[in-house]
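Listing of work_26.cif; format and content: mmCIF, C-alpha atoms and all ligand atoms.
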data_coords
loop_
_atom_site.label_atom_id
_atom_site.label_comp_id
_atom_site.auth_asym_id
_atom_site.auth_seq_id
_atom_site.Cartn_x
_atom_site.Cartn_y
_atom_site.Cartn_z
CA MET A 29 -13.65 43.69 43.23
CA THR A 30 -17.13 42.63 44.33
CA PRO A 31 -18.58 39.89 42.14
CA ALA A 32 -21.62 40.87 40.09
CA ALA A 33 -24.09 38.46 41.71
CA PRO A 34 -22.79 37.57 45.15
CA THR A 35 -25.96 35.99 46.45
CA ALA A 36 -26.27 33.50 43.58
CA ALA A 37 -22.54 32.77 43.85
CA ILE A 38 -22.70 32.23 47.58
CA ARG A 39 -25.74 29.97 47.18
CA GLN A 40 -23.76 27.90 44.68
CA LEU A 41 -20.81 27.66 47.09
CA ALA A 42 -23.13 26.67 49.93
CA PHE A 43 -24.53 23.91 47.70
CA LEU A 44 -20.98 22.69 46.98
CA ALA A 45 -20.18 22.78 50.70
CA ARG A 46 -23.18 20.55 51.44
CA HIS A 47 -22.10 18.07 48.75
CA GLY A 48 -18.51 17.93 49.88
CA ASP A 49 -16.80 19.53 46.83
CA LEU A 50 -16.10 22.97 48.19
CA SER A 51 -12.65 22.53 49.69
CA ALA A 52 -11.19 20.99 46.52
CA TYR A 53 -12.75 23.79 44.50
CA ALA A 54 -11.38 26.44 46.87
CA HIS A 55 -7.97 24.77 46.67
CA GLN A 56 -7.94 24.93 42.85
CA ILE A 57 -8.87 28.62 42.90
CA GLN A 58 -6.41 29.44 45.66
CA ARG A 59 -3.59 27.83 43.73
CA LEU A 60 -4.04 30.70 41.25
CA GLY A 61 -2.55 32.91 43.93
CA GLY A 62 -5.07 35.73 43.45
CA CYS A 63 -5.03 35.90 39.62
CA GLU A 64 -8.20 37.72 38.56
CA ARG A 65 -8.38 36.64 34.91
CA PRO A 66 -7.02 33.11 34.66
CA ILE A 67 -6.86 31.30 31.33
CA ARG A 68 -9.29 28.36 31.19
CA MET A 69 -8.24 25.22 29.35
CA GLU A 70 -10.06 22.04 28.37
CA GLY A 71 -8.31 18.75 27.71
CA HIS A 72 -6.28 16.14 29.50
CA ARG A 73 -2.82 15.09 30.59
CA LEU A 74 -1.37 11.65 30.96
CA ASP A 75 1.92 10.92 32.75
CA VAL A 76 3.22 7.60 31.49
CA HIS A 77 6.19 5.68 32.87
CA ALA A 78 8.61 5.70 29.91
CA ALA A 79 9.98 2.19 30.50
CA THR A 80 6.89 0.26 31.57
CA GLY A 81 4.10 2.22 29.85
CA GLU A 82 2.26 2.37 33.18
CA ILE A 83 -0.01 5.41 33.64
CA VAL A 84 1.28 7.13 36.76
CA ARG A 85 -1.04 10.13 36.70
CA GLU A 86 -4.05 11.23 34.73
CA ILE A 87 -5.64 14.68 34.78
CA THR A 88 -8.74 15.46 32.79
CA ASP A 89 -10.76 18.67 32.80
CA ARG A 90 -13.90 16.82 34.03
CA ASP A 91 -12.10 15.69 37.18
CA LEU A 92 -10.97 19.18 38.12
CA PRO A 93 -13.28 20.97 40.58
CA ALA A 94 -13.78 23.92 38.19
CA GLY A 95 -14.38 21.52 35.27
CA GLN A 96 -11.41 23.14 33.51
CA LEU A 97 -7.73 23.69 34.03
CA LEU A 98 -7.06 27.24 35.26
CA ILE A 99 -3.71 28.95 34.64
CA ARG A 100 -2.50 32.33 35.90
CA CYS A 101 -2.85 35.03 33.22
CA ASN A 102 0.67 36.43 33.88
CA ASN A 103 -0.45 39.85 32.63
CA ARG A 104 2.02 42.58 33.54
CA ARG A 105 -0.60 45.33 33.70
CA ALA A 106 -1.98 46.28 37.08
CA THR A 107 -5.26 47.37 35.48
CA ARG A 108 -5.75 43.84 34.10
CA CYS A 109 -4.68 41.63 36.98
CA ALA A 110 -3.33 43.13 40.18
CA SER A 111 -1.89 39.83 41.37
CA CYS A 112 0.03 38.87 38.22
CA ALA A 113 1.21 42.47 37.75
CA GLU A 114 2.56 42.35 41.31
CA VAL A 115 4.58 39.22 40.49
CA TYR A 116 5.86 40.95 37.36
CA ARG A 117 6.77 44.06 39.35
CA LYS A 118 8.74 42.05 41.90
CA ASP A 119 10.54 40.10 39.19
CA THR A 120 11.47 43.33 37.43
CA PHE A 121 12.66 44.78 40.74
CA HIS A 122 14.92 41.76 41.31
CA LEU A 123 16.16 41.83 37.73
CA VAL A 124 17.13 45.51 37.91
CA THR A 125 18.59 45.11 41.42
CA ALA A 126 20.73 42.14 40.35
CA GLY A 127 22.27 44.33 37.64
CA LEU A 128 23.02 47.09 40.17
CA SER A 129 24.03 45.27 43.35
CA GLY A 130 24.52 41.64 42.31
CA GLY A 131 22.45 38.63 43.32
CA LYS A 132 20.55 35.99 41.29
CA GLY A 133 23.87 34.57 40.15
CA ILE A 134 25.65 37.91 39.58
CA GLY A 135 28.58 38.84 41.82
CA PRO A 136 28.54 41.93 44.06
CA ALA A 137 31.46 43.53 42.13
CA VAL A 138 28.95 44.80 39.56
CA ALA A 139 28.09 47.54 42.08
CA GLN A 140 31.54 49.08 41.38
CA HIS A 141 30.89 49.51 37.66
CA PRO A 142 30.04 53.01 36.40
CA ARG A 143 26.27 53.29 36.03
CA VAL A 144 23.71 56.03 35.77
CA PHE A 145 19.95 56.42 35.79
CA ALA A 146 18.89 58.49 32.78
CA THR A 147 15.55 59.90 31.63
CA PHE A 148 14.88 60.60 27.95
CA THR A 149 11.94 62.84 27.21
CA ALA A 150 9.81 63.44 24.14
CA PRO A 151 9.98 66.73 22.24
CA SER A 152 7.14 69.27 22.34
CA PHE A 153 4.10 68.89 20.10
CA GLY A 154 2.50 72.12 21.25
CA PRO A 155 2.02 73.95 24.58
CA VAL A 156 0.24 71.99 27.33
CA HIS A 157 -1.23 72.91 30.70
CA ASN A 158 1.55 72.59 33.26
CA ARG A 159 3.06 74.30 36.27
CA PRO A 160 6.67 75.23 35.58
CA GLY A 161 6.92 77.60 38.55
CA GLY A 162 3.39 77.60 39.95
CA ARG A 163 1.03 79.31 37.56
CA CYS A 164 0.18 77.80 34.16
CA ARG A 165 0.34 79.69 30.88
CA CYS A 166 -3.45 79.61 30.84
CA GLY A 167 -3.40 81.80 33.95
CA ARG A 168 -4.79 79.17 36.33
CA LEU A 169 -3.20 77.36 39.26
CA HIS A 170 -3.77 73.67 38.52
CA PRO A 171 -4.07 71.36 41.53
CA ASP A 172 -2.02 68.11 41.48
CA ASP A 173 -4.89 65.94 40.36
CA ASP A 174 -6.24 68.32 37.72
CA PRO A 175 -7.04 66.20 34.63
CA ALA A 176 -6.27 69.26 32.48
CA LEU A 177 -2.54 68.94 33.32
CA GLY A 178 -0.60 67.71 30.30
CA THR A 179 -3.42 68.38 27.87
CA PRO A 180 -2.95 70.93 25.06
CA LEU A 181 -3.70 74.61 25.64
CA ASP A 182 -5.13 74.69 22.14
CA PRO A 183 -6.09 71.18 20.96
CA ASP A 184 -6.78 72.39 17.43
CA ARG A 185 -3.17 73.51 17.04
CA TYR A 186 -1.53 70.59 18.87
CA ASP A 187 0.54 68.41 16.51
CA TYR A 188 -1.34 65.12 17.03
CA ARG A 189 0.26 63.50 13.99
CA ALA A 190 3.79 64.15 15.22
CA ALA A 191 2.76 63.04 18.73
CA VAL A 192 1.59 59.56 17.69
CA LEU A 193 4.39 59.19 15.12
CA TRP A 194 6.85 60.00 17.90
CA ASN A 195 5.47 57.14 19.99
CA ALA A 196 5.64 54.87 16.94
CA HIS A 197 9.33 55.73 16.38
CA ALA A 198 10.52 55.96 19.98
CA GLY A 199 11.86 52.38 19.99
CA LYS A 200 13.84 52.99 16.80
CA LEU A 201 15.23 56.22 18.23
CA TRP A 202 16.37 54.33 21.32
CA GLY A 203 18.20 51.90 19.00
CA ARG A 204 19.93 54.81 17.26
CA PHE A 205 20.86 56.26 20.64
CA THR A 206 22.59 53.06 21.78
CA THR A 207 24.59 52.93 18.51
CA TYR A 208 25.68 56.54 18.95
CA LEU A 209 26.56 55.92 22.57
CA ARG A 210 28.96 53.09 21.66
CA GLN A 211 30.36 55.22 18.84
CA HIS A 212 31.06 58.13 21.16
CA LEU A 213 32.64 55.93 23.84
CA ALA A 214 34.91 54.45 21.16
CA SER A 215 35.99 57.85 19.85
CA ARG A 216 36.63 59.17 23.37
CA ALA A 217 38.87 56.16 24.01
CA GLY A 218 40.58 56.56 20.63
CA LEU A 219 39.38 53.16 19.49
CA SER A 220 37.44 51.80 16.54
CA ARG A 221 34.01 50.40 17.38
CA SER A 222 35.17 46.84 16.82
CA ALA A 223 38.20 47.44 19.08
CA LEU A 224 35.83 48.86 21.72
CA ARG A 225 33.91 45.58 21.79
CA HIS A 226 37.07 43.84 23.03
CA CYS A 227 37.42 46.03 26.11
CA LEU A 228 33.99 47.48 26.96
CA LYS A 229 30.34 46.50 26.97
CA VAL A 230 27.39 48.86 27.45
CA SER A 231 24.44 47.24 29.27
CA TYR A 232 21.06 48.71 30.07
CA ALA A 233 17.60 48.05 31.47
CA LYS A 234 14.91 50.48 30.43
CA VAL A 235 11.23 51.13 30.92
CA ALA A 236 8.73 53.24 28.98
CA GLU A 237 6.50 55.68 30.81
CA TYR A 238 3.61 57.65 29.38
CA GLN A 239 3.50 61.27 30.33
CA ARG A 240 0.10 62.83 30.86
CA ARG A 241 0.28 64.33 27.38
CA GLY A 242 0.42 60.78 26.01
CA ALA A 243 4.05 60.83 24.87
CA VAL A 244 6.44 58.03 25.72
CA HIS A 245 9.47 58.71 27.92
CA PHE A 246 12.26 56.27 28.65
CA HIS A 247 13.94 55.71 31.99
CA ALA A 248 17.07 53.59 31.86
CA VAL A 249 19.86 52.19 33.94
CA ILE A 250 22.97 52.29 31.76
CA ARG A 251 26.11 50.53 32.93
CA LEU A 252 29.64 50.00 31.66
CA ASP A 253 31.17 46.53 31.93
CA GLY A 254 34.22 44.74 30.65
CA PRO A 255 33.75 42.76 27.40
CA ASP A 256 32.23 39.76 29.22
CA GLY A 257 29.42 41.73 30.83
CA ALA A 258 28.23 42.02 34.43
CA GLU A 259 30.99 39.83 35.89
CA ASP A 260 33.79 41.66 34.11
CA ALA A 261 35.31 44.98 35.33
CA PRO A 262 35.44 47.78 32.75
CA PRO A 263 38.80 49.44 31.90
CA ALA A 264 39.93 52.20 34.27
CA TRP A 265 39.31 54.98 31.72
CA ALA A 266 35.60 54.06 31.60
CA THR A 267 34.36 56.36 34.35
CA THR A 268 30.90 57.54 35.40
CA GLU A 269 31.79 61.00 34.08
CA LEU A 270 32.73 59.63 30.66
CA LEU A 271 29.49 57.60 30.58
CA THR A 272 27.46 60.70 31.51
CA ASP A 273 29.11 62.81 28.79
CA ALA A 274 28.69 60.12 26.17
CA ILE A 275 24.99 59.64 27.00
CA ARG A 276 24.35 63.38 26.79
CA TRP A 277 26.11 63.60 23.43
CA ALA A 278 24.43 60.50 21.95
CA ALA A 279 20.97 61.54 23.16
CA ARG A 280 21.36 64.95 21.49
CA GLU A 281 22.68 63.55 18.22
CA ALA A 282 20.41 60.52 17.81
CA GLU A 283 17.79 60.88 15.12
CA ALA A 284 15.26 58.44 13.70
CA PRO A 285 13.91 59.15 10.21
CA GLY A 286 10.14 59.04 9.88
CA PRO A 287 7.68 59.12 6.98
CA VAL A 288 6.92 61.92 4.55
CA LEU A 289 3.25 62.93 4.85
CA ASP A 290 1.67 65.75 2.88
CA SER A 291 5.20 66.76 1.81
CA ARG A 292 6.38 67.10 5.41
CA ALA A 293 9.37 64.89 6.25
CA TYR A 294 9.24 63.71 9.87
CA THR A 295 12.39 63.04 11.87
CA PHE A 296 12.37 62.16 15.53
CA ARG A 297 14.72 63.27 18.28
CA PHE A 298 14.55 63.29 22.05
CA GLY A 299 13.31 66.40 23.85
CA ASP A 300 15.78 68.88 25.32
CA GLN A 301 15.36 67.73 28.90
CA PHE A 302 17.75 64.94 29.87
CA ASP A 303 18.23 63.86 33.40
CA ILE A 304 21.34 61.76 34.02
CA ARG A 305 22.27 60.81 37.56
CA PRO A 306 24.91 58.47 38.96
CA ILE A 307 23.57 55.57 41.00
CA ARG A 308 25.14 54.90 44.38
CA SER A 309 25.18 51.61 46.25
CA ALA A 310 22.06 50.31 47.99
CA ASP A 311 23.02 51.60 51.44
CA PHE A 312 24.05 55.06 50.29
CA ALA A 313 22.16 57.66 52.35
CA GLY A 314 23.11 60.88 50.55
CA ARG A 315 20.60 63.61 49.87
CA SER A 316 20.36 64.10 46.12
CA GLU A 317 21.99 60.83 45.08
CA LEU A 318 19.97 57.91 43.86
CA SER A 319 20.23 54.55 45.55
CA SER A 320 20.11 51.36 43.48
CA ARG A 321 17.04 50.32 45.45
CA ALA A 322 15.13 53.48 44.54
CA VAL A 323 16.03 53.08 40.87
CA ALA A 324 14.94 49.41 40.80
CA ALA A 325 11.64 50.27 42.53
CA TYR A 326 11.00 53.06 40.04
CA ILE A 327 11.61 50.94 36.94
CA ALA A 328 9.59 48.04 38.38
CA LYS A 329 6.64 50.32 39.12
CA TYR A 330 6.46 51.62 35.56
CA ALA A 331 6.89 48.13 34.13
CA THR A 332 3.35 47.28 35.30
CA LYS A 333 1.71 50.33 33.78
CA GLY A 334 0.53 50.98 30.26
CA ALA A 335 -0.82 53.93 28.37
CA GLU A 336 -3.83 54.06 30.72
CA THR A 337 -1.87 56.60 32.81
CA ALA A 338 -2.37 58.95 29.83
CA GLY A 339 -6.14 58.48 29.95
CA THR A 340 -6.52 55.85 27.23
CA LEU A 341 -7.83 52.26 27.17
CA ASP A 342 -5.84 49.25 28.30
CA CYS A 343 -6.82 46.92 25.46
CA PRO A 344 -6.77 46.99 21.64
CA ILE A 345 -9.45 48.93 19.83
CA ARG A 346 -11.56 47.18 17.18
CA ASN A 347 -13.90 49.99 16.33
CA PRO A 348 -12.94 53.51 17.41
CA ILE A 349 -16.53 54.75 17.28
CA THR A 350 -18.18 52.13 19.49
CA ASP A 351 -15.15 51.34 21.68
CA LEU A 352 -14.71 54.96 22.73
CA ILE A 353 -18.38 55.63 23.51
CA GLY A 354 -19.04 55.51 27.22
CA SER A 355 -15.37 54.85 28.07
CA ASP A 356 -13.37 57.01 30.47
CA VAL A 357 -10.99 58.07 27.69
CA THR A 358 -10.07 61.75 27.92
CA ASP A 359 -10.66 64.11 24.97
CA HIS A 360 -6.92 64.40 24.45
CA ALA A 361 -6.38 60.61 24.41
CA ARG A 362 -9.40 60.25 22.12
CA ARG A 363 -7.78 62.59 19.60
CA LEU A 364 -4.51 60.64 19.83
CA ILE A 365 -6.36 57.35 19.30
CA LEU A 366 -8.32 58.70 16.33
CA THR A 367 -5.10 60.09 14.81
CA CYS A 368 -3.56 56.59 15.10
CA TRP A 369 -6.67 55.15 13.48
CA ARG A 370 -6.60 57.57 10.54
CA LEU A 371 -2.84 57.24 9.95
CA GLY A 372 -3.19 53.48 10.33
CA ALA A 373 -5.20 53.41 7.10
CA LEU A 374 -2.28 54.82 5.04
CA PRO A 375 -0.46 52.09 3.09
CA GLU A 376 2.92 53.83 3.53
CA LEU A 377 2.57 53.57 7.32
CA GLU A 378 1.54 49.91 7.30
CA ASP A 379 4.71 48.83 9.13
CA LEU A 380 3.82 50.98 12.13
CA ARG A 381 0.55 49.03 12.64
CA LEU A 382 -1.02 52.12 14.15
CA ARG A 383 -4.52 50.64 14.36
CA LYS A 384 -3.37 47.63 16.30
CA TRP A 385 -1.49 49.92 18.70
CA ALA A 386 -3.99 52.81 18.77
CA HIS A 387 -4.86 52.07 22.44
CA MET A 388 -1.12 52.52 23.17
CA LEU A 389 -1.20 55.83 21.28
CA GLY A 390 1.07 54.40 18.61
CA PHE A 391 3.82 52.89 20.79
CA ARG A 392 4.32 49.23 19.93
CA GLY A 393 7.55 48.52 21.77
CA HIS A 394 8.03 46.47 24.88
CA PHE A 395 7.48 48.32 28.10
CA SER A 396 10.55 47.08 29.83
CA THR A 397 13.56 45.80 27.96
CA LYS A 398 17.16 45.13 28.76
CA SER A 399 20.31 44.31 26.88
CA ARG A 400 21.36 40.68 27.10
CA ALA A 401 24.30 41.18 29.45
CA TYR A 402 22.45 43.42 31.93
CA SER A 403 21.46 40.71 34.43
CA VAL A 404 19.23 37.65 34.72
CA THR A 405 16.13 37.35 32.53
CA LEU A 406 12.49 37.36 33.64
CA GLY A 407 12.30 33.85 32.16
CA ALA A 408 15.10 32.69 34.47
CA LEU A 409 13.31 34.18 37.49
CA ARG A 410 10.07 32.41 36.49
CA GLN A 411 11.91 29.12 36.00
CA GLU A 412 13.50 29.50 39.43
CA ARG A 413 10.01 29.96 40.94
CA ALA A 414 8.61 26.98 39.00
CA ASP A 415 11.52 24.78 40.15
CA HIS A 416 11.00 25.94 43.72
CA ASN A 417 7.25 25.11 43.59
CA GLU A 418 7.99 21.75 42.00
CA ALA A 419 10.51 20.96 44.75
CA LEU A 420 7.95 21.96 47.42
CA ALA A 421 5.30 19.76 45.79
CA ARG A 422 7.74 16.83 45.75
CA GLU A 423 8.64 17.40 49.38
CA ARG A 424 4.97 17.49 50.39
CA ALA A 425 4.18 14.39 48.34
CA THR A 426 7.10 12.50 49.88
CA LYS A 427 6.05 13.50 53.41
CA ALA A 428 2.51 12.33 52.65
CA SER A 429 4.16 9.08 51.44
CA TYR A 430 3.02 9.15 47.83
CA PRO A 431 6.28 10.25 46.19
CA LEU A 432 5.98 11.78 42.71
CA PRO A 433 7.71 9.85 39.92
CA ASP A 434 11.12 11.01 38.75
CA PRO A 435 10.56 13.48 35.88
CA ASP A 436 13.33 11.81 33.85
CA THR A 437 11.47 8.51 33.64
CA VAL A 438 8.02 9.92 32.94
CA LEU A 439 6.59 10.82 29.57
CA VAL A 440 4.00 13.60 29.70
CA LEU A 441 1.29 13.44 27.04
CA SER A 442 -0.98 16.40 27.20
CA HIS A 443 -3.49 18.16 25.06
CA TRP A 444 -5.16 21.35 26.23
CA ARG A 445 -7.18 23.86 24.27
CA PHE A 446 -8.18 27.40 25.14
CA ALA A 447 -11.67 27.63 26.63
CA GLY A 448 -11.89 31.23 27.80
CA THR A 449 -10.64 33.57 30.49
CA GLY A 450 -11.76 34.85 33.85
CA LEU A 451 -13.48 33.52 36.96
CA THR A 452 -17.15 32.68 37.50
CA ASP A 453 -18.91 34.69 40.21
CA ALA A 454 -18.56 31.80 42.64
CA GLU A 455 -14.85 31.46 41.84
CA ALA A 456 -14.37 35.21 42.30
CA VAL A 457 -15.80 34.87 45.82
CA LEU A 458 -13.33 32.06 46.57
CA ALA A 459 -10.46 34.06 45.05
CA SER A 460 -11.25 37.28 46.91
CA SER A 461 -11.55 35.54 50.26
CA HIS A 462 -8.08 34.19 49.54
CA SER A 463 -6.49 37.45 48.43
CA ALA A 464 -7.91 39.32 51.43
CA SER A 465 -5.94 37.09 53.80
CA HIS A 466 -2.90 37.01 51.49
CA ASN A 467 -2.51 40.80 51.21
CA ALA A 468 -2.73 41.22 54.95
CA GLU A 469 0.77 39.73 55.28
CA GLY A 470 2.41 42.93 54.09
CA GLU A 471 4.81 43.24 51.20
CA PRO A 472 8.17 44.86 51.83
CA ASP A 473 9.15 45.59 48.21
CA ARG A 474 6.07 47.56 47.38
CA ALA A 475 6.93 51.04 46.08
CA ARG A 476 4.26 53.62 45.34
ZN ZN B 501 -3.53 37.12 36.50
ZN ZN B 502 -3.31 75.62 32.33
#
Write out the structure in this file as structure tokens.
Ligand SMILES: [Zn+2]
Ligand SMILES: [Zn+2]
Amino acid sequence: MTPAAPTAAIRQLAFLARHGDLSAYAHQIQRLGGCERPIRMEGHRLDVHAATGEIVREITDRDLPAGQLLIRCNNRRATRCASCAEVYRKDTFHLVTAGLSGGKGIGPAVAQHPRVFATFTAPSFGPVHNRPGGRCRCGRLHPDDDPALGTPLDPDRYDYRAAVLWNAHAGKLWGRFTTYLRQHLASRAGLSRSALRHCLKVSYAKVAEYQRRGAVHFHAVIRLDGPDGAEDAPPAWATTELLTDAIRWAAREAEAPGPVLDSRAYTFRFGDQFDIRPIRSADFAGRSELSSRAVAAYIAKYATKGAETAGTLDCPIRNPITDLIGSDVTDHARRLILTCWRLGALPELEDLRLRKWAHMLGFRGHFSTKSRAYSVTLGALRQERADHNEALARERATKASYPLPDPDTVLVLSHWRFAGTGLTDAEAVLASSHSASHNAEGEPDRAR
């Protein structure tokens, strides 16, 4: 992105260069690793030697080149911060891969467990422009990038209420599905559900994707393990075929009750189209089979997207009239948002918090979730990175012969308060000159 006032920014940087502060400033910005909307903090930090009370390090906002402490925003959405979303995408990729092929502390035997990649669709809320076999019902041939694709043929007859209520209940329906899945596996094995828990565990990692019509879909890796999870082999009767059957049955039967509005009782079920495919090992080169790498790349890609792929906004709406004026929101998304807004005023729907989640078209769940036993957590991956950076910093400090104090003997007293977000124009120039050289290195995991 080009900063708004490059000449003023560059003049400011030139001034800093003349007065000797530029390289420290550039270093502080470059440590953000390309984050476009860092969080700005004011305050101070004191590192005190616990035994002697000696101050070993002092950091105050005034002494920092930017006058504030800057922290990466860690936003998962690519539309908000490309750099942080990229970190999130890679972490998700590694998390999903570890659960399919091992790694990050999980043994390679997990690759032998039955697992499938399944897609759960939303039901129909009215006919939309699409291309089942070429020509659309409207009689036209829509090109790939036609914004009309996925939008209703007749917006006045499209069931907007059911569409946003579906999004609002999709997470609950997923919960029902997992219960039914365990139930069906138990009955197929001739076991009670509590007995099943002693010989089988169902693990999953899933991601939500918005279709063009603004309805949430789920894509999930579902795996069978022994009772102790990823490191434990499932019983021999737990096959990929059994898993596939059980998923199909549970997805058809699962139902989430919804509200009663104007004497219509809503219940939510998945659409008729299920896609369930076995996942082969990473090096499998078959034609129609999915490799674990392709599945992990797919889930990771969707983990950094939000409802903006359905033509809506990527941040909460405070006033639907003013927030939607002049925005790029499509007519279809606008109707979905306004439906959320209207339903959000009903006291009986208070729990759904439809106004807060109107920009998400009613969906308030997490974009990517996993069951506890699936693999490592994103938190563990972040901690691993933090420990690695800390170790590098210690190594550098030791080489430069000013070793950092042992963390066990140092008491950290810090107080920081939020002071805003984003970069100044001058900082954006420093950041973009950094990211230009950084991106040139090439990134092998990138999947588009
Ligand atoms: Zn960021
Ligand atoms: Zn059409």
Using all atoms listed in the file, find each residue in chain A having at least one atom no more than 10 Å away from ligand ZN 502 (chain B); report its shortest atom-to-atom pair and that distance in Å (one decimal), rows by chain then rising number, as a Markdown table.
| residue | atom | partner | partner_atom | distance |
| --- | --- | --- | --- | --- |
| A:Pro155 | CA | B:ZN502 | ZN | 9.6 |
| A:Val156 | CA | B:ZN502 | ZN | 7.1 |
| A:His157 | CA | B:ZN502 | ZN | 3.8 |
| A:Asn158 | CA | B:ZN502 | ZN | 5.8 |
| A:Arg159 | CA | B:ZN502 | ZN | 7.6 |
| A:Arg163 | CA | B:ZN502 | ZN | 7.7 |
| A:Cys164 | CA | B:ZN502 | ZN | 4.5 |
| A:Arg165 | CA | B:ZN502 | ZN | 5.7 |
| A:Cys166 | CA | B:ZN502 | ZN | 4.3 |
| A:Gly167 | CA | B:ZN502 | ZN | 6.4 |
| A:Arg168 | CA | B:ZN502 | ZN | 5.5 |
| A:Leu169 | CA | B:ZN502 | ZN | 7.1 |
| A:His170 | CA | B:ZN502 | ZN | 6.5 |
| A:Asp174 | CA | B:ZN502 | ZN | 9.5 |
| A:Ala176 | CA | B:ZN502 | ZN | 7.0 |
| A:Leu177 | CA | B:ZN502 | ZN | 6.8 |
| A:Gly178 | CA | B:ZN502 | ZN | 8.6 |
| A:Thr179 | CA | B:ZN502 | ZN | 8.5 |
| A:Pro180 | CA | B:ZN502 | ZN | 8.7 |
| A:Leu181 | CA | B:ZN502 | ZN | 6.8 |
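Interatomic distance, CA of Thr332 in chain A against CA of Tyr116 in chain A: 7.1 Å.
Taking CA of Leu364 in chain A and CA of Pro344 in chain A as endpoints, the distance between them is 14.0 Å.
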Please compute the CA of Leu213 in chain A-CA of Ala274 in chain A distance, one decimal, in Å. 6.2 Å
Using only C-alpha atoms and all ligand atoms, find each protein or nucleic acid residue lying at most 6 Å from ligand ZN 501 (chain B); present the set as number ranges by chain. A: 63-66, 100-103, 109, 111-112
Convert the current residue selection to file output with C-alpha atoms, as a JSON list (two decimals), in the frame of the given file.
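For reference, result.json as written:
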[["chain", "number", "residue", "atom", "x", "y", "z"],
["A", 63, "CYS", "CA", -5.03, 35.90, 39.62],
["A", 64, "GLU", "CA", -8.20, 37.72, 38.56],
["A", 65, "ARG", "CA", -8.38, 36.64, 34.91],
["A", 66, "PRO", "CA", -7.02, 33.11, 34.66],
["A", 100, "ARG", "CA", -2.50, 32.33, 35.90],
["A", 101, "CYS", "CA", -2.85, 35.03, 33.22],
["A", 102, "ASN", "CA", 0.67, 36.43, 33.88],
["A", 103, "ASN", "CA", -0.45, 39.85, 32.63],
["A", 109, "CYS", "CA", -4.68, 41.63, 36.98],
["A", 111, "SER", "CA", -1.89, 39.83, 41.37],
["A", 112, "CYS", "CA", 0.03, 38.87, 38.22]]
Spatial neighbours of Gly130 in chain A, 12 Å, only C-alpha atoms, chain gap at least 5 places, as a PyMOL selection string: chain A and resi 122-125+135-141+258-259+309-310+320-321+402-404
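Minimum atom-to-atom distance to Arg240 in chain A, evaluated using all atoms listed in the file, belongs to A:Thr337 out of A:Ala428, A:Leu382, A:Thr337, A:Ile134.
Shortest separation to Cys368 in chain A among A:Arg251, A:Arg189, A:Arg85, A:Arg46 occurs at residue A:Arg189, atoms counted being all atoms listed in the file.
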Can you pull out the residues contacting Glu70 in chain A? Cut-off 9 Å, using all atoms listed in the file, and skip same-chain residues under 6 positions away; I want them as an mmCIF file with C-alpha atoms, keeping the file's coordinate frame.
data_model
loop_
_atom_site.group_PDB
_atom_site.id
_atom_site.type_symbol
_atom_site.label_atom_id
_atom_site.label_comp_id
_atom_site.auth_asym_id
_atom_site.auth_seq_id
_atom_site.Cartn_x
_atom_site.Cartn_y
_atom_site.Cartn_z
ATOM 1 C CA THR A 88 -8.740 15.460 32.790
ATOM 2 C CA ASP A 89 -10.760 18.670 32.800
ATOM 3 C CA ARG A 90 -13.900 16.820 34.030
ATOM 4 C CA GLY A 95 -14.380 21.520 35.270
ATOM 5 C CA GLN A 96 -11.410 23.140 33.510
ATOM 6 C CA LEU A 97 -7.730 23.690 34.030
ATOM 7 C CA HIS A 443 -3.490 18.160 25.060
ATOM 8 C CA TRP A 444 -5.160 21.350 26.230
ATOM 9 C CA ARG A 445 -7.180 23.860 24.270
ATOM 10 C CA PHE A 446 -8.180 27.400 25.140
ATOM 11 C CA ALA A 447 -11.670 27.630 26.630
#
Residues near Lys118 in chain A, anyone? I mean within 12 Å using only C-alpha atoms, not counting same-chain ones fewer than 3 positions away, as a PyMOL selection string. chain A and resi 104+111-115+121-125+324-332+406+409-410+471-475
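Shortest atom-to-atom contact with Ser231 in chain A among A:Ala248, A:Ile345, A:Ile99, A:Leu420: A:Ala248, counting all atoms listed in the file.
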Please, which residues are within 6 Å of (17.5, 63.1, 13.8) by the file's coordinates, counting all atoms listed in the file, and could they come as a ChimeraX atom specification? /A:282-284,295-297
Let me see the file: selected residues, C-alpha atoms, as a PDB file, keeping the file's coordinate frame.
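Result written to out.pdb:
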ATOM      1  CA  ALA A 282      20.410  60.520  17.810  1.00  0.00           C
ATOM      2  CA  GLU A 283      17.790  60.880  15.120  1.00  0.00           C
ATOM      3  CA  ALA A 284      15.260  58.440  13.700  1.00  0.00           C
ATOM      4  CA  THR A 295      12.390  63.040  11.870  1.00  0.00           C
ATOM      5  CA  PHE A 296      12.370  62.160  15.530  1.00  0.00           C
ATOM      6  CA  ARG A 297      14.720  63.270  18.280  1.00  0.00           C
TER       7      ARG A 297
END
Shortest interatomic distance to Asn195 in chain A - which of A:Asp434, A:Ser152, A:Arg105, A:Leu389, counting only C-alpha atoms: A:Leu389
Would you please work out which residue, of A:His77, A:Leu44, A:Arg221, A:Leu458, is nearest to Gln56 in chain A when using all atoms listed in the file? A:Leu458
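Near His212 in chain A, within a cut-off of 9 Å and counting only C-alpha atoms, sit the residues Thr207, Tyr208, Leu209, Ser215, Arg216, Ala217, Ala274, Ile275, Trp277 and Ala278 of chain A, with same-chain residues fewer than 3 positions away left out.
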Do a neighbour search on Glu86 in chain A at 7 Å with all atoms listed in the file, toss out local chain neighbours closer than 2 positions, and write the hits as a ChimeraX atom specification. /A:73-75,88
